[in-house]
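Participant: Just so it is clear, I am handing over work-v7.cif, which has mmCIF, C-alpha atoms.
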```
data_structure
#
loop_
_atom_site.group_PDB
_atom_site.id
_atom_site.type_symbol
_atom_site.label_atom_id
_atom_site.label_comp_id
_atom_site.auth_asym_id
_atom_site.auth_seq_id
_atom_site.Cartn_x
_atom_site.Cartn_y
_atom_site.Cartn_z
ATOM 1 C CA MET A 1 22.628 -32.807 -33.774
ATOM 2 C CA ASP A 2 18.935 -32.002 -33.585
ATOM 3 C CA CYS A 3 18.134 -30.602 -30.186
ATOM 4 C CA CYS A 4 15.187 -32.937 -29.778
ATOM 5 C CA PHE A 5 17.668 -35.793 -29.098
ATOM 6 C CA ILE A 6 19.509 -33.950 -26.352
ATOM 7 C CA ARG A 7 18.645 -35.054 -22.842
ATOM 8 C CA VAL A 8 19.704 -32.784 -20.019
ATOM 9 C CA PRO A 9 19.623 -34.197 -16.464
ATOM 10 C CA VAL A 10 16.883 -32.746 -14.267
ATOM 11 C CA ILE A 11 19.506 -31.389 -11.870
ATOM 12 C CA ASP A 12 21.046 -29.358 -14.721
ATOM 13 C CA ILE A 13 17.654 -28.022 -15.743
ATOM 14 C CA THR A 14 16.788 -27.004 -12.197
ATOM 15 C CA GLN A 15 20.146 -25.235 -11.901
ATOM 16 C CA GLN A 16 19.386 -23.267 -15.061
ATOM 17 C CA VAL A 17 15.979 -22.380 -13.662
ATOM 18 C CA ARG A 18 17.597 -21.298 -10.401
ATOM 19 C CA ASP A 19 20.029 -19.085 -12.325
ATOM 20 C CA GLY A 20 17.169 -17.602 -14.302
ATOM 21 C CA LEU A 21 15.121 -16.906 -11.181
ATOM 22 C CA ARG A 22 18.148 -15.382 -9.444
ATOM 23 C CA GLN A 23 18.544 -12.968 -12.339
ATOM 24 C CA TYR A 24 14.825 -12.248 -12.362
ATOM 25 C CA PHE A 25 14.676 -11.377 -8.678
ATOM 26 C CA ALA A 26 17.873 -9.321 -8.951
ATOM 27 C CA GLU A 27 16.185 -7.228 -11.616
ATOM 28 C CA GLU A 28 13.014 -7.094 -9.530
ATOM 29 C CA LYS A 29 14.933 -5.439 -6.684
ATOM 30 C CA GLU A 30 15.469 -2.476 -8.991
ATOM 31 C CA MET A 31 11.686 -2.061 -9.014
ATOM 32 C CA THR A 32 11.525 -1.912 -5.208
ATOM 33 C CA MET A 33 11.070 1.603 -3.887
ATOM 34 C CA THR A 34 11.313 2.886 -0.331
ATOM 35 C CA MET A 35 8.551 5.393 0.265
ATOM 36 C CA SER A 36 10.608 7.631 2.525
ATOM 37 C CA SER A 37 13.065 8.327 -0.300
ATOM 38 C CA ILE A 38 10.816 8.080 -3.349
ATOM 39 C CA SER A 39 11.553 10.666 -6.042
ATOM 40 C CA GLY A 40 9.118 12.633 -8.128
ATOM 41 C CA GLU A 41 10.191 10.770 -11.253
ATOM 42 C CA THR A 42 9.640 7.376 -9.652
ATOM 43 C CA PHE A 43 6.283 8.417 -8.277
ATOM 44 C CA ASP A 44 5.241 9.659 -11.708
ATOM 45 C CA ASN A 45 6.071 6.218 -13.110
ATOM 46 C CA ILE A 46 3.774 4.589 -10.564
ATOM 47 C CA MET A 47 1.039 7.076 -11.422
ATOM 48 C CA ARG A 48 1.356 6.145 -15.090
ATOM 49 C CA MET A 49 1.312 2.414 -14.348
ATOM 50 C CA LEU A 50 -1.877 2.775 -12.318
ATOM 51 C CA GLU A 51 -3.334 5.447 -14.621
ATOM 52 C CA LEU A 52 -3.926 7.897 -11.778
ATOM 53 C CA THR A 53 -4.388 11.651 -12.085
ATOM 54 C CA THR A 54 -4.242 14.512 -9.565
ATOM 55 C CA GLU A 55 -6.314 17.605 -8.945
ATOM 56 C CA ASP A 56 -6.675 20.308 -6.305
ATOM 57 C CA GLY A 57 -9.349 19.886 -3.688
ATOM 58 C CA GLU A 58 -12.100 22.393 -3.008
ATOM 59 C CA HIS A 59 -11.819 24.898 -0.182
ATOM 60 C CA ILE A 60 -12.438 23.524 3.301
ATOM 61 C CA ILE A 61 -14.370 25.979 5.468
ATOM 62 C CA PRO A 62 -12.343 26.689 8.619
ATOM 63 C CA PRO A 63 -14.186 25.529 11.749
ATOM 64 C CA VAL A 64 -14.758 27.657 14.818
ATOM 65 C CA ILE A 65 -12.975 25.174 17.067
ATOM 66 C CA GLU A 66 -9.184 25.466 17.388
ATOM 67 C CA PHE A 67 -6.639 22.715 16.822
ATOM 68 C CA ILE A 68 -3.926 23.370 19.432
ATOM 69 C CA PRO A 69 -0.443 23.191 17.826
ATOM 70 C CA PHE A 70 1.980 20.515 18.988
ATOM 71 C CA ASN A 71 5.349 21.695 20.297
ATOM 72 C CA TRP A 72 8.258 19.495 19.207
ATOM 73 C CA ASN A 73 10.630 21.369 21.572
ATOM 74 C CA GLY A 74 13.574 20.765 19.241
ATOM 75 C CA ARG A 75 12.967 17.001 19.080
ATOM 76 C CA ASP A 76 12.485 15.004 15.879
ATOM 77 C CA GLU A 77 10.584 11.941 14.684
ATOM 78 C CA ASP A 78 13.347 9.608 15.882
ATOM 79 C CA ASN A 79 12.765 10.697 19.473
ATOM 80 C CA ALA A 80 10.535 8.061 21.088
ATOM 81 C CA GLN A 81 9.084 10.421 23.691
ATOM 82 C CA ALA A 82 8.348 13.044 21.054
ATOM 83 C CA MET A 83 6.361 10.524 19.007
ATOM 84 C CA THR A 84 4.456 9.385 22.089
ATOM 85 C CA ASP A 85 3.618 12.997 22.917
ATOM 86 C CA ALA A 86 2.588 13.675 19.298
ATOM 87 C CA PHE A 87 0.372 10.578 19.300
ATOM 88 C CA ASN A 88 -1.410 11.604 22.499
ATOM 89 C CA HIS A 89 -1.780 15.166 21.232
ATOM 90 C CA LEU A 90 -3.267 14.145 17.884
ATOM 91 C CA THR A 91 -5.701 11.729 19.528
ATOM 92 C CA ALA A 92 -6.923 14.391 21.938
ATOM 93 C CA GLN A 93 -7.321 17.049 19.250
ATOM 94 C CA LEU A 94 -9.214 14.806 16.822
ATOM 95 C CA THR A 95 -11.533 13.751 19.637
ATOM 96 C CA ASN A 96 -12.375 17.422 20.194
ATOM 97 C CA PHE A 97 -13.372 17.785 16.536
ATOM 98 C CA ALA A 98 -15.515 14.653 16.410
ATOM 99 C CA THR A 99 -19.238 14.739 17.105
ATOM 100 C CA PRO A 100 -20.006 11.545 19.071
ATOM 101 C CA VAL A 101 -23.333 11.076 17.296
ATOM 102 C CA GLU A 102 -21.620 10.999 13.890
ATOM 103 C CA VAL A 103 -17.967 10.075 14.515
ATOM 104 C CA GLN A 104 -16.712 8.745 17.787
ATOM 105 C CA PHE A 105 -13.207 8.014 18.983
ATOM 106 C CA GLY A 106 -13.499 5.145 21.406
ATOM 107 C CA ARG A 107 -15.571 2.007 21.789
ATOM 108 C CA GLY A 108 -17.958 1.583 18.878
ATOM 109 C CA GLY A 109 -16.058 4.077 16.755
ATOM 110 C CA TYR A 110 -12.432 4.655 15.798
ATOM 111 C CA LYS A 111 -9.005 4.920 17.378
ATOM 112 C CA VAL A 112 -5.585 6.269 16.488
ATOM 113 C CA VAL A 113 -2.797 3.660 16.463
ATOM 114 C CA ASP A 114 0.932 4.382 16.635
ATOM 115 C CA VAL A 115 2.591 2.273 13.920
ATOM 116 C CA HIS A 116 5.758 4.286 13.359
ATOM 117 C CA ARG A 117 7.949 1.357 14.438
ATOM 118 C CA SER A 118 6.470 -0.930 11.786
ATOM 119 C CA ARG A 119 8.387 -0.903 8.528
ATOM 120 C CA SER A 120 6.024 -3.221 6.697
ATOM 121 C CA ILE A 121 2.498 -1.989 7.405
ATOM 122 C CA LEU A 122 2.335 -0.405 3.931
ATOM 123 C CA LYS A 123 4.331 -3.047 2.069
ATOM 124 C CA VAL A 124 3.134 -3.553 -1.513
ATOM 125 C CA HIS A 125 4.163 -6.318 -3.925
ATOM 126 C CA ASP A 126 2.644 -5.664 -7.314
ATOM 127 C CA ALA A 127 3.769 -7.553 -10.422
ATOM 128 C CA ARG A 128 5.113 -4.245 -11.807
ATOM 129 C CA PHE A 129 6.727 -2.689 -8.735
ATOM 130 C CA ARG A 130 7.242 -2.965 -4.998
ATOM 131 C CA LEU A 131 6.781 -0.373 -2.278
ATOM 132 C CA SER A 132 8.335 -0.740 1.139
ATOM 133 C CA GLY A 133 8.011 1.360 4.247
ATOM 134 C CA GLY A 134 5.501 2.512 6.791
ATOM 135 C CA THR A 135 3.844 5.551 8.240
ATOM 136 C CA ASP A 136 3.528 7.071 11.713
ATOM 137 C CA PHE A 137 -0.083 6.901 12.898
ATOM 138 C CA VAL A 138 -3.247 5.384 11.443
ATOM 139 C CA ILE A 139 -6.939 5.664 12.241
ATOM 140 C CA VAL A 140 -8.716 2.304 12.261
ATOM 141 C CA PRO A 141 -12.000 0.913 13.652
ATOM 142 C CA TYR A 142 -11.782 0.759 17.451
ATOM 143 C CA LYS A 143 -11.534 -3.029 17.880
ATOM 144 C CA THR A 144 -8.796 -3.451 15.255
ATOM 145 C CA ALA A 145 -5.680 -5.041 16.739
ATOM 146 C CA ALA A 146 -2.443 -3.192 16.025
ATOM 147 C CA ILE A 147 -1.022 -6.277 14.313
ATOM 148 C CA GLY A 148 -3.870 -6.205 11.795
ATOM 149 C CA ALA A 149 -4.083 -2.457 11.306
ATOM 150 C CA ALA A 150 -2.956 -2.586 7.661
ATOM 151 C CA SER A 151 -6.187 -4.247 6.557
ATOM 152 C CA GLN A 152 -8.425 -1.585 8.115
ATOM 153 C CA ILE A 153 -6.573 1.699 7.545
ATOM 154 C CA CYS A 154 -8.976 4.602 7.167
ATOM 155 C CA VAL A 155 -6.570 7.535 7.563
ATOM 156 C CA LEU A 156 -2.783 7.612 7.827
ATOM 157 C CA PHE A 157 -0.580 10.359 9.207
ATOM 158 C CA GLU A 158 2.964 10.994 8.025
ATOM 159 C CA LEU A 159 4.636 13.325 10.523
ATOM 160 C CA LYS A 160 7.520 15.697 9.927
ATOM 161 C CA THR A 161 8.789 18.183 12.472
ATOM 162 C CA ASP A 162 7.973 21.866 12.170
ATOM 163 C CA VAL A 163 11.593 22.317 11.036
ATOM 164 C CA ALA A 164 11.750 19.423 8.559
ATOM 165 C CA LEU A 165 8.382 19.640 6.785
ATOM 166 C CA ASN A 166 8.751 20.421 3.102
ATOM 167 C CA THR A 167 5.522 19.877 1.199
ATOM 168 C CA THR A 168 7.269 19.807 -2.182
ATOM 169 C CA SER A 169 9.627 16.919 -1.390
ATOM 170 C CA HIS A 170 7.499 15.018 1.126
ATOM 171 C CA CYS A 171 4.274 14.981 -0.891
ATOM 172 C CA PHE A 172 5.524 12.073 -3.027
ATOM 173 C CA GLN A 173 6.074 10.006 0.114
ATOM 174 C CA ALA A 174 2.600 10.815 1.428
ATOM 175 C CA MET A 175 0.904 9.976 -1.882
ATOM 176 C CA ALA A 176 2.901 6.745 -2.198
ATOM 177 C CA GLU A 177 1.688 5.843 1.288
ATOM 178 C CA LEU A 178 -1.871 6.621 0.188
ATOM 179 C CA ILE A 179 -1.545 4.212 -2.753
ATOM 180 C CA ALA A 180 -0.032 1.542 -0.498
ATOM 181 C CA ALA A 181 -2.883 1.966 1.963
ATOM 182 C CA ARG A 182 -5.356 1.433 -0.886
ATOM 183 C CA TYR A 183 -3.585 -1.814 -1.775
ATOM 184 C CA ASN A 184 -3.748 -3.110 1.803
ATOM 185 C CA SER A 185 -6.916 -1.728 3.367
ATOM 186 C CA ASN A 186 -10.378 -3.275 3.143
ATOM 187 C CA GLN A 187 -11.994 0.070 3.914
ATOM 188 C CA PRO A 188 -14.156 1.749 1.228
ATOM 189 C CA ASN A 189 -11.704 4.634 0.977
ATOM 190 C CA VAL A 190 -8.407 5.870 2.413
ATOM 191 C CA LEU A 191 -6.949 9.269 3.257
ATOM 192 C CA ALA A 192 -3.356 10.411 3.847
ATOM 193 C CA VAL A 193 -2.251 13.383 5.946
ATOM 194 C CA LEU A 194 1.190 15.011 5.820
ATOM 195 C CA THR A 195 1.676 17.374 8.753
ATOM 196 C CA ASP A 196 4.000 18.778 11.376
ATOM 197 C CA LEU A 197 1.073 19.017 13.852
ATOM 198 C CA HIS A 198 2.392 22.484 14.606
ATOM 199 C CA SER A 199 1.392 24.858 11.834
ATOM 200 C CA ARG A 200 0.077 23.221 8.650
ATOM 201 C CA ALA A 201 -0.960 20.067 6.855
ATOM 202 C CA SER A 202 -1.546 18.606 3.400
ATOM 203 C CA VAL A 203 -4.248 16.017 2.765
ATOM 204 C CA TYR A 204 -4.517 13.466 -0.059
ATOM 205 C CA GLU A 205 -7.630 11.469 -0.952
ATOM 206 C CA LEU A 206 -7.996 8.762 -3.619
ATOM 207 C CA VAL A 207 -11.328 9.537 -5.279
ATOM 208 C CA TYR A 208 -13.120 6.986 -7.442
ATOM 209 C CA ASN A 209 -14.560 8.372 -10.675
ATOM 210 C CA GLY A 210 -16.079 5.152 -12.020
ATOM 211 C CA ASN A 211 -14.863 2.706 -14.695
ATOM 212 C CA ALA A 212 -11.488 2.081 -12.996
ATOM 213 C CA GLN A 213 -10.656 5.807 -13.054
ATOM 214 C CA TYR A 214 -9.150 7.398 -9.920
ATOM 215 C CA THR A 215 -7.901 10.837 -8.962
ATOM 216 C CA ILE A 216 -5.666 11.831 -6.072
ATOM 217 C CA VAL A 217 -7.290 14.994 -4.761
ATOM 218 C CA VAL A 218 -4.785 17.267 -3.026
ATOM 219 C CA TRP A 219 -5.330 19.898 -0.340
ATOM 220 C CA ASN A 220 -2.094 21.793 0.315
ATOM 221 C CA ASP A 221 -1.253 24.218 3.127
ATOM 222 C CA LEU A 222 -4.320 23.598 5.235
ATOM 223 C CA THR A 223 -4.563 24.888 8.754
ATOM 224 C CA LEU A 224 -4.546 22.172 11.385
ATOM 225 C CA ALA A 225 -8.224 22.885 12.074
ATOM 226 C CA GLN A 226 -9.078 22.446 8.380
ATOM 227 C CA MET A 227 -7.141 19.180 8.364
ATOM 228 C CA ALA A 228 -8.994 17.848 11.404
ATOM 229 C CA THR A 229 -12.319 18.867 9.871
ATOM 230 C CA LYS A 230 -11.490 16.978 6.675
ATOM 231 C CA VAL A 231 -10.404 13.868 8.598
ATOM 232 C CA VAL A 232 -13.560 13.729 10.708
ATOM 233 C CA ASN A 233 -15.856 14.312 7.720
ATOM 234 C CA PHE A 234 -13.986 11.642 5.776
ATOM 235 C CA LEU A 235 -14.479 9.108 8.557
ATOM 236 C CA LYS A 236 -18.183 9.934 8.623
ATOM 237 C CA THR A 237 -18.785 9.646 4.882
ATOM 238 C CA SER A 238 -16.171 7.263 3.496
ATOM 239 C CA THR A 239 -15.273 4.585 6.070
ATOM 240 C CA ILE A 240 -16.929 1.930 8.213
ATOM 241 C CA ALA A 241 -16.274 1.594 11.955
ATOM 242 C CA ASN A 242 -16.149 -2.185 11.761
ATOM 243 C CA ASN A 243 -12.863 -4.022 12.286
ATOM 244 C CA ARG A 244 -14.217 -7.052 10.390
ATOM 245 C CA TYR A 245 -15.353 -5.175 7.317
ATOM 246 C CA VAL A 246 -14.443 -6.832 3.999
ATOM 247 C CA PRO A 247 -15.681 -5.470 0.645
ATOM 248 C CA PRO A 248 -17.519 -7.826 -1.729
ATOM 249 C CA ASP A 249 -15.595 -9.510 -4.529
ATOM 250 C CA ASP A 250 -18.290 -8.885 -7.112
ATOM 251 C CA MET A 251 -19.041 -5.363 -8.316
ATOM 252 C CA THR A 252 -22.698 -6.271 -8.787
ATOM 253 C CA ALA A 253 -22.928 -6.973 -5.037
ATOM 254 C CA ALA A 254 -21.192 -3.725 -4.034
ATOM 255 C CA GLN A 255 -22.957 -0.702 -2.617
ATOM 256 C CA ASP A 256 -22.124 2.675 -4.163
ATOM 257 C CA TYR A 257 -19.651 3.489 -1.392
ATOM 258 C CA GLU A 258 -17.843 0.163 -1.928
ATOM 259 C CA ARG A 259 -17.308 0.401 -5.669
ATOM 260 C CA GLY A 260 -14.003 2.251 -5.393
ATOM 261 C CA VAL A 261 -12.195 -0.443 -3.420
ATOM 262 C CA VAL A 262 -13.741 -3.292 -5.444
ATOM 263 C CA ASP A 263 -12.841 -1.736 -8.799
ATOM 264 C CA PHE A 264 -9.300 -0.935 -7.634
ATOM 265 C CA ARG A 265 -8.696 -4.550 -6.633
ATOM 266 C CA ARG A 266 -10.122 -5.881 -9.869
ATOM 267 C CA ASN A 267 -8.505 -3.487 -12.335
ATOM 268 C CA LYS A 268 -5.477 -1.805 -10.769
ATOM 269 C CA ILE A 269 -3.688 -4.479 -8.751
ATOM 270 C CA GLN A 270 -1.568 -7.065 -10.536
ATOM 271 C CA ARG A 271 -0.806 -9.785 -8.024
ATOM 272 C CA VAL A 272 2.336 -11.913 -8.316
ATOM 273 C CA THR A 273 1.447 -15.572 -8.550
ATOM 274 C CA SER A 274 3.751 -17.911 -6.614
ATOM 275 C CA LEU A 275 2.011 -21.209 -7.361
ATOM 276 C CA ALA A 276 4.472 -22.228 -10.091
ATOM 277 C CA LEU A 277 7.453 -21.407 -7.873
ATOM 278 C CA GLU A 278 5.957 -23.363 -4.970
ATOM 279 C CA GLN A 279 5.429 -26.366 -7.221
ATOM 280 C CA LEU A 280 9.016 -26.083 -8.449
ATOM 281 C CA GLN A 281 10.247 -26.230 -4.860
ATOM 282 C CA ASP A 282 8.096 -29.314 -4.229
ATOM 283 C CA MET A 283 9.498 -31.022 -7.308
ATOM 284 C CA MET A 284 13.091 -30.256 -6.356
ATOM 285 C CA MET A 285 12.518 -31.781 -2.915
ATOM 286 C CA ASP A 286 11.311 -35.072 -4.438
ATOM 287 C CA PRO A 287 11.889 -35.165 -8.229
ATOM 288 C CA THR A 288 11.160 -38.905 -8.486
ATOM 289 C CA SER A 289 7.499 -38.403 -7.577
ATOM 290 C CA TRP A 290 6.878 -36.267 -10.650
ATOM 291 C CA THR A 291 6.378 -37.706 -14.136
ATOM 292 C CA TYR A 292 8.415 -36.336 -17.021
ATOM 293 C CA SER A 293 5.272 -34.795 -18.489
ATOM 294 C CA GLU A 294 4.495 -33.070 -15.180
ATOM 295 C CA LYS A 295 8.037 -31.700 -14.938
ATOM 296 C CA ARG A 296 7.831 -30.387 -18.488
ATOM 297 C CA GLN A 297 4.590 -28.556 -17.725
ATOM 298 C CA LEU A 298 5.985 -27.255 -14.444
ATOM 299 C CA PHE A 299 9.004 -25.630 -16.090
ATOM 300 C CA ALA A 300 6.750 -24.119 -18.732
ATOM 301 C CA ASN A 301 4.576 -22.650 -15.946
ATOM 302 C CA VAL A 302 7.578 -21.232 -14.092
ATOM 303 C CA PHE A 303 8.937 -19.353 -17.087
ATOM 304 C CA ALA A 304 5.451 -18.137 -18.007
ATOM 305 C CA SER A 305 4.798 -16.871 -14.476
ATOM 306 C CA ILE A 306 7.930 -14.694 -14.474
ATOM 307 C CA GLU A 307 7.492 -13.639 -18.098
ATOM 308 C CA GLU A 308 11.026 -14.715 -18.987
ATOM 309 C CA PRO A 309 12.086 -16.526 -22.193
ATOM 310 C CA MET A 310 12.957 -20.175 -21.649
ATOM 311 C CA SER A 311 16.597 -21.107 -22.301
ATOM 312 C CA GLU A 312 17.178 -23.197 -25.435
ATOM 313 C CA ASN A 313 18.772 -26.033 -23.456
ATOM 314 C CA VAL A 314 15.764 -26.303 -21.183
ATOM 315 C CA ARG A 315 13.379 -26.143 -24.138
ATOM 316 C CA CYS A 316 15.260 -28.912 -25.947
ATOM 317 C CA ALA A 317 15.300 -31.088 -22.852
ATOM 318 C CA MET A 318 11.614 -30.551 -22.233
ATOM 319 C CA TYR A 319 10.548 -31.653 -25.676
ATOM 320 C CA SER A 320 13.076 -34.408 -26.327
#
```
Rewrite the coordinates I just gave you, this time as structure tokens.
Facilitator:
Amino acid sequence: MDCCFIRVPVIDITQQVRDGLRQYFAEEKEMTMTMSSISGETFDNIMRMLELTTEDGEHIIPPVIEFIPFNWNGRDEDNAQAMTDAFNHLTAQLTNFATPVEVQFGRGGYKVVDVHRSRSILKVHDARFRLSGGTDFVIVPYKTAAIGAASQICVLFELKTDVALNTTSHCFQAMAELIAARYNSNQPNVLAVLTDLHSRASVYELVYNGNAQYTIVVWNDLTLAQMATKVVNFLKTSTIANNRYVPPDDMTAAQDYERGVVDFRRNKIQRVTSLALEQLQDMMMDPTSWTYSEKRQLFANVFASIEEPMSENVRCAMYS
């Protein structure tokens, strides 16, 4: 019998769509990566997807001022008091390095926010992959509420104890956090710091080279004073102390310092559209309010949105 004469009840079609979506999202879970356990191979795949490169940063002249080391006293990052002490210590030290005329920590400037309890501040849902996880501290414009910190991240800090820090294995986590911050933040640029706050630090900056080309510039084994110098200079040259800052949508309206974030959003991010799935849910709630032609187009949209081939039964039913 020619398939064009087969009529499949709507309930059967919707069940087939449900089965297809269940399979799709099961496969999508395999593309979800937790930043704290991301491997070098996985990170390399993300770099290829986004067409990112890496290079070593230029020497940072050590400042005269000293960054006082933090003493973990045998505690680790899971110790609440240790993280509170580390937060207060970092805030005080960065304030010492900042020149109030240029970069200020406090009203009218920036602040450090403890976000280590948030597991979703750096959540990314790209059509090609997902990143989940958080970071420890972030620098944001002073008036930014903690609940909205993700949209105004300027600098993030991933802390490891002086015993646990291993630049080789932890650098992938820090760079993945940098990429996630670029997805979420409105700020012109973002910076990531990996440090034990006791002896050394590594810094990662996403530098825009024009024409949708980006490089992660890496500074490894910096002294804490060099790290603080880089952070303060970055805030001065590459961020805006405005908690309501939003970059323009149009590249032609962007200032030079805004082009990096605008181009990244236009050419690197592949958003997942949910409109077709939302319409499917609406139809399933009240199928009688939809015409047969509308249902046919809806199912076509659903399969197109998830880039999955339509089952032959559904195709026959749609065009019968």
Participant: Write out as a PDB file with C-alpha atoms, in the frame of the given file which residues come within 7 Å of stretch 242-249 of chain A when counting all atoms listed in the file, dropping same-chain ones fewer than 2 positions away.
Facilitator:
```pdb
ATOM      1  CA  PRO A 141     -12.000   0.913  13.652  1.00  0.00           C
ATOM      2  CA  LYS A 143     -11.534  -3.029  17.880  1.00  0.00           C
ATOM      3  CA  THR A 144      -8.796  -3.451  15.255  1.00  0.00           C
ATOM      4  CA  GLN A 152      -8.425  -1.585   8.115  1.00  0.00           C
ATOM      5  CA  ASN A 186     -10.378  -3.275   3.143  1.00  0.00           C
ATOM      6  CA  ILE A 240     -16.929   1.930   8.213  1.00  0.00           C
ATOM      7  CA  MET A 251     -19.041  -5.363  -8.316  1.00  0.00           C
ATOM      8  CA  ALA A 253     -22.928  -6.973  -5.037  1.00  0.00           C
ATOM      9  CA  ALA A 254     -21.192  -3.725  -4.034  1.00  0.00           C
ATOM     10  CA  GLU A 258     -17.843   0.163  -1.928  1.00  0.00           C
ATOM     11  CA  VAL A 262     -13.741  -3.292  -5.444  1.00  0.00           C
TER      12      VAL A 262
END
```
Participant: Quick one: residues within 12 Å of A:Trp219, only C-alpha atoms counted, chain neighbours fewer than 6 positions away excluded, as a PyMOL selection string?
Facilitator: chain A and resi 54-60+167+171+175+191-195+200-206+226-227+230-231
Participant: Given the file shown, determine the residues that the PyMOL selection byres ((chain A and resi 62) around 12) selects; report them as a ChimeraX atom specification.
Facilitator: /A:59-61,63-67,97,222-230
Participant: Tell me, as a list in words, which residues lie within 12 Å of A:Tyr214, counting all atoms listed in the file; anything in the same chain fewer than 5 positions away does not count.
Facilitator: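 Answer for this query is Met47, Arg48, Leu50, Glu51, Leu52, Thr53, Thr54, Glu55, Ile179, Arg182, Asn189, Glu205, Leu206, Val207, Tyr208, Asn209, Arg259, Gly260, Val261, Asp263, Phe264, Asn267 and Lys268 of chain A.
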Participant: Convert the output of the PyMOL selection byres ((chain A and resi 130) around 9) on the shown file into explicit residues, formatted as a PyMOL selection string.
Facilitator: chain A and resi 28-29+31-34+123-129+131-132
Participant: May I ask for the distance between atom CA of A:Ser151 and atom CA of A:Ala181, given in Å to one decimal place?
Facilitator: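 According to the coordinates, atom CA of A:Ser151 and atom CA of A:Ala181 are separated by 8.4 Å.
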Participant: From the set A:Arg119, A:Arg75, A:Arg265, A:Lys236, which residue has the shortest atom-to-atom contact distance to A:Asp250, counting all atoms listed in the file?
Facilitator: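 Going through A:Arg119, A:Arg75, A:Arg265, A:Lys236 one by one, the smallest distance to A:Asp250 is for A:Arg265.
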Participant: What does the distance between atom CA of A:Leu298 and atom CA of A:Arg271 come to in Å, to one decimal place?
Facilitator: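 Result for atom CA of A:Leu298 versus atom CA of A:Arg271: 19.8 Å, one decimal.
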Participant: What would the selection look like, as an mmCIF file with C-alpha atoms, in the coordinates of the input, if the PyMOL selection byres ((chain A and resi 147) around 12) were run on the coordinates I just shared?
Facilitator:
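The resulting selection.cif:
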```cif
data_model
loop_
_atom_site.group_PDB
_atom_site.id
_atom_site.type_symbol
_atom_site.label_atom_id
_atom_site.label_comp_id
_atom_site.auth_asym_id
_atom_site.auth_seq_id
_atom_site.Cartn_x
_atom_site.Cartn_y
_atom_site.Cartn_z
ATOM 1 C CA VAL A 113 -2.797 3.660 16.463
ATOM 2 C CA ASP A 114 0.932 4.382 16.635
ATOM 3 C CA VAL A 115 2.591 2.273 13.920
ATOM 4 C CA ARG A 117 7.949 1.357 14.438
ATOM 5 C CA SER A 118 6.470 -0.930 11.786
ATOM 6 C CA SER A 120 6.024 -3.221 6.697
ATOM 7 C CA ILE A 121 2.498 -1.989 7.405
ATOM 8 C CA VAL A 140 -8.716 2.304 12.261
ATOM 9 C CA LYS A 143 -11.534 -3.029 17.880
ATOM 10 C CA THR A 144 -8.796 -3.451 15.255
ATOM 11 C CA ALA A 145 -5.680 -5.041 16.739
ATOM 12 C CA ALA A 146 -2.443 -3.192 16.025
ATOM 13 C CA GLY A 148 -3.870 -6.205 11.795
ATOM 14 C CA ALA A 149 -4.083 -2.457 11.306
ATOM 15 C CA ALA A 150 -2.956 -2.586 7.661
ATOM 16 C CA SER A 151 -6.187 -4.247 6.557
ATOM 17 C CA GLN A 152 -8.425 -1.585 8.115
ATOM 18 C CA ILE A 153 -6.573 1.699 7.545
#
```
Participant: Just to confirm, what's the straight-line distance from atom CA of A:Ser36 to atom CA of A:His170 in Å (one decimal)?
Facilitator: 8.1 Å
Participant: Would you list the contacts of A:Met35 as a list in words, taking every protein, DNA or RNA residue within 8 Å and counting all atoms listed in the file, but skipping same-chain residues closer than 4 positions in sequence?
Facilitator: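 So, after excluding close chain neighbours, the residues are Leu131, Ser132, Gly133, Gly134, Gln173, Ala176 and Glu177 of chain A.
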